[in-house]
$ cat structure_23.txt   # compact mmCIF, C-alpha atoms
# COMPACT_ATOMS: atom_id res chain seq x y z
CA MET A 1486 86.62 -131.19 -267.18
CA TYR A 1487 84.56 -129.60 -269.94
CA THR A 1488 83.18 -131.61 -272.85
CA CYS A 1489 82.82 -130.56 -276.48
CA PRO A 1490 79.09 -130.85 -277.33
CA THR A 1491 79.93 -131.75 -280.94
CA CYS A 1492 82.63 -134.44 -280.68
CA GLY A 1493 82.51 -135.41 -277.00
CA LEU A 1494 86.20 -134.71 -276.37
CA GLY A 1495 86.99 -133.58 -272.82
CA TYR A 1496 89.22 -130.58 -272.20
CA THR A 1497 90.64 -128.42 -269.42
CA TRP A 1498 89.76 -124.73 -269.43
CA PRO A 1499 91.68 -122.52 -269.22
CA PRO A 1500 94.37 -124.69 -270.84
CA PRO A 1501 97.52 -125.24 -268.78
CA PRO A 1502 100.85 -123.78 -269.91
CA LEU A 1503 103.12 -125.84 -272.10
CA PRO A 1504 105.90 -127.73 -270.29
CA ASP A 1505 109.34 -126.16 -270.43
CA ARG A 1506 111.31 -129.38 -269.98
CA ALA A 1507 111.07 -133.11 -270.53
CA PHE A 1508 109.38 -135.28 -267.92
CA ARG A 1509 111.73 -137.02 -265.49
CA SER A 1510 110.76 -140.38 -264.05
CA PRO A 1511 110.02 -139.85 -260.33
CA ALA A 1512 112.53 -141.33 -257.93
CA HIS A 1513 111.12 -143.23 -254.95
CA PRO A 1514 113.24 -144.43 -252.02
CA PRO A 1515 113.91 -148.16 -252.40
CA GLY A 1516 112.29 -149.29 -249.16
CA PRO A 1517 111.98 -153.00 -248.32
CA LEU A 1518 108.37 -153.29 -249.52
CA ARG A 1519 109.17 -151.56 -252.79
CA LEU A 1520 112.16 -153.83 -253.38
CA LEU A 1521 109.98 -156.86 -252.60
CA TRP A 1522 107.36 -155.63 -255.10
CA TRP A 1523 109.95 -155.13 -257.84
CA LYS A 1524 111.45 -158.56 -257.20
CA GLY A 1525 107.99 -160.13 -257.39
CA LYS A 1526 107.14 -158.22 -260.57
CA ARG A 1527 110.41 -159.26 -262.20
CA ALA A 1528 109.74 -162.89 -261.22
CA LEU A 1529 106.28 -162.75 -262.81
CA LEU A 1530 107.70 -161.21 -265.98
CA GLN A 1531 110.75 -163.45 -266.18
CA PRO A 1532 109.06 -166.04 -268.46
CA LEU A 1533 108.62 -163.23 -270.98
CA GLY A 1534 112.40 -162.79 -271.22
CA THR A 1535 113.33 -159.47 -272.78
CA TRP A 1536 109.74 -158.20 -272.47
CA ALA A 1537 110.41 -157.62 -268.75
CA GLY A 1538 110.97 -154.30 -266.99
CA LEU A 1539 109.91 -151.10 -268.73
CA ALA A 1540 109.30 -153.01 -271.95
CA TRP A 1541 106.33 -154.89 -270.49
CA ARG A 1542 104.09 -152.81 -272.75
CA ILE A 1543 103.39 -155.44 -275.39
CA LEU A 1544 104.95 -154.79 -278.79
CA PRO A 1545 105.63 -157.06 -281.75
CA PRO A 1546 109.22 -158.25 -282.18
CA PRO A 1547 111.08 -155.94 -284.55
CA SER A 1548 112.29 -157.02 -287.95
CA GLU A 1549 115.95 -156.47 -288.77
CA GLY A 1550 116.75 -152.78 -288.88
CA ALA A 1551 113.27 -151.71 -287.71
CA ARG A 1552 113.17 -148.12 -286.42
CA ALA A 1553 111.07 -146.84 -283.52
CA LEU A 1554 110.23 -143.32 -282.38
CA ASP A 1555 109.13 -142.51 -278.83
CA LEU A 1556 107.34 -139.16 -278.71
CA GLY A 1557 107.46 -137.34 -275.39
CA CYS A 1558 110.41 -139.50 -274.41
CA GLY A 1559 111.18 -137.70 -271.13
CA ASP A 1560 114.43 -138.98 -269.69
CA GLY A 1561 114.71 -141.68 -272.38
CA ALA A 1562 113.86 -144.69 -270.21
CA TYR A 1563 111.50 -146.18 -272.77
CA VAL A 1564 113.91 -145.52 -275.63
CA GLN A 1565 116.41 -147.67 -273.76
CA ALA A 1566 113.76 -150.36 -273.28
CA LEU A 1567 113.00 -150.36 -277.00
CA GLU A 1568 116.70 -150.69 -277.79
CA GLY A 1569 116.82 -153.65 -275.42
CA LEU A 1570 114.11 -155.30 -277.49
CA GLY A 1571 116.11 -154.89 -280.69
CA TRP A 1572 114.60 -151.69 -282.11
CA ARG A 1573 116.72 -148.86 -283.52
CA ALA A 1574 115.07 -146.28 -281.29
CA VAL A 1575 115.15 -142.51 -280.95
CA GLY A 1576 113.16 -140.22 -278.69
CA VAL A 1577 111.72 -136.73 -279.08
CA ASP A 1578 110.85 -134.23 -276.37
CA LEU A 1579 110.79 -130.45 -276.04
CA VAL A 1580 113.96 -130.27 -273.92
CA PRO A 1581 115.32 -133.78 -273.36
CA PRO A 1582 118.48 -134.47 -271.37
CA PRO A 1583 121.67 -134.65 -273.45
CA HIS A 1584 121.89 -138.00 -275.22
CA PRO A 1585 122.62 -138.98 -278.84
CA ALA A 1586 119.29 -140.83 -279.17
CA LEU A 1587 117.15 -138.02 -277.67
CA ILE A 1588 116.23 -135.17 -280.00
CA PRO A 1589 114.77 -131.78 -279.00
CA ALA A 1590 111.76 -131.17 -281.24
CA ASP A 1591 108.05 -130.42 -281.32
CA ALA A 1592 105.88 -133.50 -281.82
CA GLN A 1593 103.60 -131.37 -284.01
CA ALA A 1594 106.42 -130.74 -286.53
CA LEU A 1595 108.84 -133.66 -286.50
CA PRO A 1596 112.30 -133.27 -288.08
CA PHE A 1597 112.15 -136.62 -289.90
CA ALA A 1598 111.49 -137.70 -293.46
CA THR A 1599 108.19 -139.32 -294.42
CA GLY A 1600 107.79 -143.05 -293.80
CA VAL A 1601 111.07 -143.72 -291.96
CA PHE A 1602 109.74 -145.40 -288.80
CA HIS A 1603 108.06 -148.75 -288.28
CA LEU A 1604 106.77 -147.93 -284.78
CA VAL A 1605 105.72 -144.74 -282.99
CA THR A 1606 104.86 -144.71 -279.27
CA LEU A 1607 103.17 -142.01 -277.18
CA TRP A 1608 102.97 -142.96 -273.52
CA HIS A 1609 100.97 -140.31 -271.63
CA VAL A 1610 101.75 -137.62 -274.18
CA LEU A 1611 98.58 -136.88 -276.13
CA GLU A 1612 96.81 -135.33 -273.13
CA HIS A 1613 99.57 -132.67 -272.87
CA VAL A 1614 99.92 -131.34 -276.41
CA PRO A 1615 98.16 -128.24 -277.83
CA ASP A 1616 96.79 -130.13 -280.85
CA PRO A 1617 96.45 -133.95 -280.60
CA ARG A 1618 95.24 -134.12 -284.21
CA ARG A 1619 98.49 -132.58 -285.50
CA VAL A 1620 100.60 -134.91 -283.37
CA LEU A 1621 98.78 -137.98 -284.68
CA ALA A 1622 98.94 -136.69 -288.26
CA GLU A 1623 102.72 -136.21 -287.89
CA SER A 1624 103.00 -139.68 -286.39
CA SER A 1625 101.18 -141.05 -289.42
CA ARG A 1626 103.44 -139.10 -291.78
CA VAL A 1627 106.71 -140.47 -290.37
CA LEU A 1628 105.39 -144.05 -290.21
CA SER A 1629 105.96 -146.46 -293.06
CA PRO A 1630 102.85 -148.00 -294.70
CA SER A 1631 101.18 -150.32 -292.16
CA GLY A 1632 103.52 -148.93 -289.48
CA LEU A 1633 102.34 -149.37 -285.89
CA LEU A 1634 101.24 -146.68 -283.43
CA CYS A 1635 100.91 -147.49 -279.72
CA LEU A 1636 99.71 -144.99 -277.13
CA GLU A 1637 98.37 -144.65 -273.62
CA VAL A 1638 96.30 -141.87 -272.01
CA PRO A 1639 94.35 -141.50 -268.75
CA HIS A 1640 90.78 -142.81 -268.76
CA PRO A 1641 88.36 -140.20 -267.33
CA HIS A 1642 85.51 -142.75 -267.21
CA SER A 1643 87.44 -145.18 -265.00
CA TRP A 1644 86.31 -146.34 -261.57
CA GLN A 1645 89.18 -144.49 -259.94
CA ALA A 1646 88.23 -141.23 -261.66
CA HIS A 1647 84.63 -141.52 -260.47
CA LEU A 1648 85.55 -142.51 -256.91
CA TRP A 1649 88.24 -139.86 -256.39
CA GLY A 1650 86.28 -137.12 -258.15
CA THR A 1651 88.16 -133.84 -258.50
CA ARG A 1652 91.10 -135.28 -256.52
CA TRP A 1653 91.89 -137.89 -259.16
CA LEU A 1654 95.59 -137.80 -260.00
CA HIS A 1655 95.14 -137.93 -263.77
CA TRP A 1656 92.89 -134.87 -264.07
CA ASP A 1657 96.12 -132.93 -263.42
CA PRO A 1658 94.65 -129.54 -264.54
CA SER A 1659 98.07 -127.89 -264.32
CA ARG A 1660 99.39 -130.12 -267.14
CA HIS A 1661 96.63 -132.12 -268.88
CA ARG A 1662 94.74 -130.36 -271.66
CA TRP A 1663 92.68 -133.24 -273.10
CA HIS A 1664 90.62 -136.13 -271.70
CA PHE A 1665 89.81 -139.01 -274.05
CA SER A 1666 87.07 -141.61 -274.03
CA PRO A 1667 87.42 -144.82 -276.07
CA GLN A 1668 85.06 -143.33 -278.65
CA THR A 1669 86.82 -139.96 -279.04
CA LEU A 1670 90.23 -141.63 -279.18
CA THR A 1671 89.05 -144.10 -281.84
CA THR A 1672 87.54 -141.31 -283.95
CA LEU A 1673 90.66 -139.17 -283.70
CA LEU A 1674 92.88 -142.05 -284.83
CA GLN A 1675 90.62 -142.86 -287.76
CA GLU A 1676 90.55 -139.25 -288.87
CA THR A 1677 94.35 -138.94 -288.82
CA GLY A 1678 95.20 -141.85 -291.10
CA PHE A 1679 95.01 -145.00 -288.95
CA HIS A 1680 93.19 -148.30 -288.92
CA VAL A 1681 92.40 -148.87 -285.24
CA GLN A 1682 93.25 -152.40 -284.14
CA TRP A 1683 92.00 -152.00 -280.58
CA VAL A 1684 91.30 -149.47 -277.85
CA HIS A 1685 90.80 -150.84 -274.35
CA THR A 1686 91.31 -149.95 -270.70
CA TRP A 1687 94.34 -151.04 -268.73
CA PRO A 1688 95.11 -151.15 -264.99
CA ASN A 1689 96.88 -148.22 -263.36
CA ALA A 1690 97.63 -148.25 -259.63
CA PRO A 1691 99.06 -144.69 -259.32
CA GLY A 1692 95.61 -143.26 -260.07
CA TRP A 1693 94.41 -144.91 -256.86
CA VAL A 1694 97.43 -144.57 -254.61
CA ASP A 1695 98.61 -141.07 -255.56
CA SER A 1696 95.18 -139.41 -255.62
CA GLY A 1697 94.84 -139.29 -251.84
CA PRO A 1698 96.24 -140.49 -248.51
CA VAL A 1699 96.75 -144.12 -249.53
CA PRO A 1700 99.98 -145.85 -248.39
CA ARG A 1701 102.31 -146.63 -251.28
CA SER A 1702 102.82 -150.05 -249.75
CA LEU A 1703 99.29 -150.89 -250.98
CA ARG A 1704 100.17 -150.22 -254.61
CA PRO A 1705 100.42 -153.97 -255.52
CA ILE A 1706 96.88 -154.47 -254.21
CA PHE A 1707 95.56 -151.62 -256.29
CA TRP A 1708 97.17 -153.04 -259.42
CA LEU A 1709 94.89 -156.04 -258.84
CA VAL A 1710 91.88 -153.82 -258.05
CA ASP A 1711 92.33 -151.82 -261.23
CA GLY A 1712 92.98 -155.02 -263.15
CA LEU A 1713 89.44 -156.07 -262.27
CA ALA A 1714 88.20 -152.64 -263.31
CA ALA A 1715 89.98 -152.97 -266.65
CA LEU A 1716 88.21 -156.27 -267.33
CA VAL A 1717 84.88 -154.40 -267.41
CA GLY A 1718 86.19 -151.39 -269.32
CA ARG A 1719 86.81 -149.16 -266.30
CA GLY A 1720 90.59 -149.36 -265.88
CA GLY A 1721 92.59 -146.26 -265.04
CA VAL A 1722 94.15 -145.75 -268.47
CA LEU A 1723 93.29 -146.28 -272.12
CA ARG A 1724 95.62 -148.08 -274.49
CA ALA A 1725 95.32 -148.03 -278.24
CA CYS A 1726 97.07 -149.82 -281.07
CA ALA A 1727 96.59 -148.68 -284.68
CA ARG A 1728 98.25 -149.16 -288.05
CA LYS A 1729 98.87 -146.52 -290.65
CA LYS A 1730 96.56 -146.84 -293.62
CA ASP A 1731 98.32 -147.98 -296.77
CA ASP A 1732 98.55 -145.22 -299.36

$ encode --input "structure_23.txt" --output "structure tokens"
Amino acid sequence: MYTCPTCGLGYTWPPPPLPDRAFRSPAHPPGPLRLLWWKGKRALLQPLGTWAGLAWRILPPPSEGARALDLGCGDGAYVQALEGLGWRAVGVDLVPPPHPALIPADAQALPFATGVFHLVTLWHVLEHVPDPRRVLAESSRVLSPSGLLCLEVPHPHSWQAHLWGTRWLHWDPSRHRWHFSPQTLTTLLQETGFHVQWVHTWPNAPGWVDSGPVPRSLRPIFWLVDGLAALVGRGGVLRACARKKDD
């Protein structure tokens, strides 16, 4: 990772090529330990009702007719989760699979009118794009006044990044162009039309388990390990929530 001496933003050089298709959620064989983990996770999330499953990322309940846009939607799994929560959701990706709610488009030049969405989400998208500033500016444009932006990116100053070094999963030099700190992410959001509500670290087990020869059966343990790291600001990913500035 290189770091800009002026703004502190991390970057990969030379930059990786742009993806030629939407991301597909990886399929893992449903072994007995994995099934036990999913059953336990569902049981823990059950009191949250419809927040369970892929929609565990905390969002406010939508008002009637509220519209959501998921940028970098991949196979549309999170679009479906948003719909399950009551949002009128659409997704955008470069080459998404055929589906009425998934639209092929560039996140830097969205084919939507100004101010038509109440929520925009970018889950592990901003580190891939050629120009994060343009993507955030477009997100601000299509949001209604005080509309909500939620995003997640890898955290290069996490414990897992330091311990795994160059083997850390989320460096991903073949795909990741940018590497954000809490400070650079906050500044970028402020400069593209947002009031930042919070930026904090969040646990991420794949950064531990998939960076080296660690058994996948230990993934539940590493969710707890990275949960402790997140409590002191060293979790594997950064999450941010911001609202569009009123015009």

$ closest_atom_pairs --input "structure_23.txt" --of "region 1577-1663 of chain A" --to "region 1544-1548 of chain A" --cutoff "10 Å" --atoms "only C-alpha atoms" --output "CSV"
residue,atom,partner,partner_atom,distance
A:His1603,CA,A:Pro1547,CA,8.6
A:Leu1604,CA,A:Pro1547,CA,9.1
A:Leu1633,CA,A:Leu1544,CA,9.3
A:Cys1635,CA,A:Leu1544,CA,8.4

$ residues_near_point --input "structure_23.txt" --point "(116.8, -138.7, -273.5)" --cutoff "7 Å" --atoms "only C-alpha atoms" --output "PyMOL selection string"
chain A and resi 1558-1561+1576+1581-1584+1586-1587

$ closest_residue --input "structure_23.txt" --among "A:Gly1697, A:Gly1557, A:Pro1705, A:Pro1499" --to "Asp1578 (chain A)" --atoms "only C-alpha atoms"
A:Gly1557

$ atom_distance --input "structure_23.txt" --atom1 "CA of Leu1607 (chain A)" --atom2 "CA of Pro1688 (chain A)"
17.2 Å

$ atom_distance --input "structure_23.txt" --atom1 "CA of Ala1598 (chain A)" --atom2 "CA of Thr1672 (chain A)"
26.0 Å

$ closest_residue --input "structure_23.txt" --among "A:Gly1712, A:Pro1500, A:Pro1589, A:Gly1720" --to "Val1638 (chain A)" --atoms "all atoms listed in the file"
A:Gly1720

$ residues_around --input "structure_23.txt" --residues "Leu1628 (chain A)" --least-positions-apart "4" --cutoff "9 Å" --atoms "only C-alpha atoms" --output "JSON, numbers by chain"
{"A": [1599, 1600, 1601, 1602, 1603, 1604, 1605, 1623, 1624, 1632, 1633, 1634, 1729]}

$ build_atoms --input "structure_23.txt" --residues "region 1646-1679 of chain A" --atoms "N, CA and C atoms" --output "PDB file, in the coordinates of the input"
ATOM      1  N   ALA A1646      88.597-142.613-261.393  1.00  0.00           N
ATOM      2  CA  ALA A1646      88.230-141.230-261.660  1.00  0.00           C
ATOM      3  C   ALA A1646      86.909-140.870-260.994  1.00  0.00           C
ATOM      4  N   HIS A1647      85.939-141.780-261.073  1.00  0.00           N
ATOM      5  CA  HIS A1647      84.630-141.520-260.470  1.00  0.00           C
ATOM      6  C   HIS A1647      84.714-141.508-258.944  1.00  0.00           C
ATOM      7  N   LEU A1648      85.491-142.417-258.366  1.00  0.00           N
ATOM      8  CA  LEU A1648      85.550-142.510-256.910  1.00  0.00           C
ATOM      9  C   LEU A1648      86.362-141.377-256.282  1.00  0.00           C
ATOM     10  N   TRP A1649      87.436-140.947-256.942  1.00  0.00           N
ATOM     11  CA  TRP A1649      88.240-139.860-256.390  1.00  0.00           C
ATOM     12  C   TRP A1649      87.703-138.481-256.763  1.00  0.00           C
ATOM     13  N   GLY A1650      86.856-138.412-257.775  1.00  0.00           N
ATOM     14  CA  GLY A1650      86.280-137.120-258.150  1.00  0.00           C
ATOM     15  C   GLY A1650      87.343-136.125-258.580  1.00  0.00           C
ATOM     16  N   THR A1651      87.232-134.893-258.087  1.00  0.00           N
ATOM     17  CA  THR A1651      88.160-133.840-258.500  1.00  0.00           C
ATOM     18  C   THR A1651      89.575-134.070-257.985  1.00  0.00           C
ATOM     19  N   ARG A1652      89.764-135.008-257.068  1.00  0.00           N
ATOM     20  CA  ARG A1652      91.100-135.280-256.520  1.00  0.00           C
ATOM     21  C   ARG A1652      91.871-136.306-257.343  1.00  0.00           C
ATOM     22  N   TRP A1653      91.234-136.849-258.371  1.00  0.00           N
ATOM     23  CA  TRP A1653      91.890-137.890-259.160  1.00  0.00           C
ATOM     24  C   TRP A1653      93.207-137.374-259.740  1.00  0.00           C
ATOM     25  N   LEU A1654      94.245-138.164-259.560  1.00  0.00           N
ATOM     26  CA  LEU A1654      95.590-137.800-260.000  1.00  0.00           C
ATOM     27  C   LEU A1654      95.641-137.384-261.456  1.00  0.00           C
ATOM     28  N   HIS A1655      94.963-138.116-262.328  1.00  0.00           N
ATOM     29  CA  HIS A1655      95.140-137.930-263.770  1.00  0.00           C
ATOM     30  C   HIS A1655      94.289-136.800-264.365  1.00  0.00           C
ATOM     31  N   TRP A1656      93.474-136.105-263.539  1.00  0.00           N
ATOM     32  CA  TRP A1656      92.890-134.870-264.070  1.00  0.00           C
ATOM     33  C   TRP A1656      94.013-133.869-264.307  1.00  0.00           C
ATOM     34  N   ASP A1657      94.906-133.750-263.330  1.00  0.00           N
ATOM     35  CA  ASP A1657      96.120-132.930-263.420  1.00  0.00           C
ATOM     36  C   ASP A1657      95.880-131.639-264.227  1.00  0.00           C
ATOM     37  N   PRO A1658      95.004-130.729-263.746  1.00  0.00           N
ATOM     38  CA  PRO A1658      94.650-129.540-264.540  1.00  0.00           C
ATOM     39  C   PRO A1658      95.812-128.592-264.800  1.00  0.00           C
ATOM     40  N   SER A1659      96.911-128.754-264.060  1.00  0.00           N
ATOM     41  CA  SER A1659      98.070-127.890-264.320  1.00  0.00           C
ATOM     42  C   SER A1659      98.885-128.356-265.515  1.00  0.00           C
ATOM     43  N   ARG A1660      98.600-129.596-266.035  1.00  0.00           N
ATOM     44  CA  ARG A1660      99.390-130.120-267.140  1.00  0.00           C
ATOM     45  C   ARG A1660      98.566-130.782-268.238  1.00  0.00           C
ATOM     46  N   HIS A1661      97.401-131.350-267.913  1.00  0.00           N
ATOM     47  CA  HIS A1661      96.630-132.120-268.880  1.00  0.00           C
ATOM     48  C   HIS A1661      95.580-131.244-269.553  1.00  0.00           C
ATOM     49  N   ARG A1662      95.665-131.181-270.883  1.00  0.00           N
ATOM     50  CA  ARG A1662      94.740-130.360-271.660  1.00  0.00           C
ATOM     51  C   ARG A1662      93.527-131.144-272.151  1.00  0.00           C
ATOM     52  N   TRP A1663      93.703-132.458-272.429  1.00  0.00           N
ATOM     53  CA  TRP A1663      92.680-133.240-273.100  1.00  0.00           C
ATOM     54  C   TRP A1663      92.345-134.495-272.301  1.00  0.00           C
ATOM     55  N   HIS A1664      91.088-134.953-272.429  1.00  0.00           N
ATOM     56  CA  HIS A1664      90.620-136.130-271.700  1.00  0.00           C
ATOM     57  C   HIS A1664      89.803-136.974-272.677  1.00  0.00           C
ATOM     58  N   PHE A1665      90.321-138.187-272.966  1.00  0.00           N
ATOM     59  CA  PHE A1665      89.810-139.010-274.050  1.00  0.00           C
ATOM     60  C   PHE A1665      88.939-140.154-273.531  1.00  0.00           C
ATOM     61  N   SER A1666      87.849-140.396-274.229  1.00  0.00           N
ATOM     62  CA  SER A1666      87.070-141.610-274.030  1.00  0.00           C
ATOM     63  C   SER A1666      87.479-142.607-275.119  1.00  0.00           C
ATOM     64  N   PRO A1667      87.110-143.874-274.983  1.00  0.00           N
ATOM     65  CA  PRO A1667      87.420-144.820-276.070  1.00  0.00           C
ATOM     66  C   PRO A1667      86.860-144.359-277.410  1.00  0.00           C
ATOM     67  N   GLN A1668      85.684-143.753-277.398  1.00  0.00           N
ATOM     68  CA  GLN A1668      85.060-143.330-278.650  1.00  0.00           C
ATOM     69  C   GLN A1668      85.799-142.146-279.280  1.00  0.00           C
ATOM     70  N   THR A1669      86.138-141.126-278.471  1.00  0.00           N
ATOM     71  CA  THR A1669      86.820-139.960-279.040  1.00  0.00           C
ATOM     72  C   THR A1669      88.228-140.315-279.503  1.00  0.00           C
ATOM     73  N   LEU A1670      88.890-141.219-278.779  1.00  0.00           N
ATOM     74  CA  LEU A1670      90.230-141.630-279.180  1.00  0.00           C
ATOM     75  C   LEU A1670      90.177-142.420-280.491  1.00  0.00           C
ATOM     76  N   THR A1671      89.211-143.318-280.608  1.00  0.00           N
ATOM     77  CA  THR A1671      89.050-144.100-281.840  1.00  0.00           C
ATOM     78  C   THR A1671      88.781-143.184-283.028  1.00  0.00           C
ATOM     79  N   THR A1672      87.871-142.238-282.864  1.00  0.00           N
ATOM     80  CA  THR A1672      87.540-141.310-283.950  1.00  0.00           C
ATOM     81  C   THR A1672      88.739-140.492-284.372  1.00  0.00           C
ATOM     82  N   LEU A1673      89.493-140.001-283.392  1.00  0.00           N
ATOM     83  CA  LEU A1673      90.660-139.170-283.700  1.00  0.00           C
ATOM     84  C   LEU A1673      91.705-139.970-284.478  1.00  0.00           C
ATOM     85  N   LEU A1674      91.926-141.204-284.111  1.00  0.00           N
ATOM     86  CA  LEU A1674      92.880-142.050-284.830  1.00  0.00           C
ATOM     87  C   LEU A1674      92.413-142.309-286.262  1.00  0.00           C
ATOM     88  N   GLN A1675      91.150-142.594-286.411  1.00  0.00           N
ATOM     89  CA  GLN A1675      90.620-142.860-287.760  1.00  0.00           C
ATOM     90  C   GLN A1675      90.730-141.641-288.658  1.00  0.00           C
ATOM     91  N   GLU A1676      90.530-140.469-288.084  1.00  0.00           N
ATOM     92  CA  GLU A1676      90.550-139.250-288.870  1.00  0.00           C
ATOM     93  C   GLU A1676      91.962-138.759-289.198  1.00  0.00           C
ATOM     94  N   THR A1677      92.970-139.367-288.584  1.00  0.00           N
ATOM     95  CA  THR A1677      94.350-138.940-288.820  1.00  0.00           C
ATOM     96  C   THR A1677      95.175-139.998-289.542  1.00  0.00           C
ATOM     97  N   GLY A1678      94.492-140.937-290.216  1.00  0.00           N
ATOM     98  CA  GLY A1678      95.200-141.850-291.100  1.00  0.00           C
ATOM     99  C   GLY A1678      95.497-143.222-290.553  1.00  0.00           C
ATOM    100  N   PHE A1679      94.719-143.710-289.572  1.00  0.00           N
ATOM    101  CA  PHE A1679      95.010-145.000-288.950  1.00  0.00           C
ATOM    102  C   PHE A1679      93.815-145.945-289.030  1.00  0.00           C
TER     103      PHE A1679
END
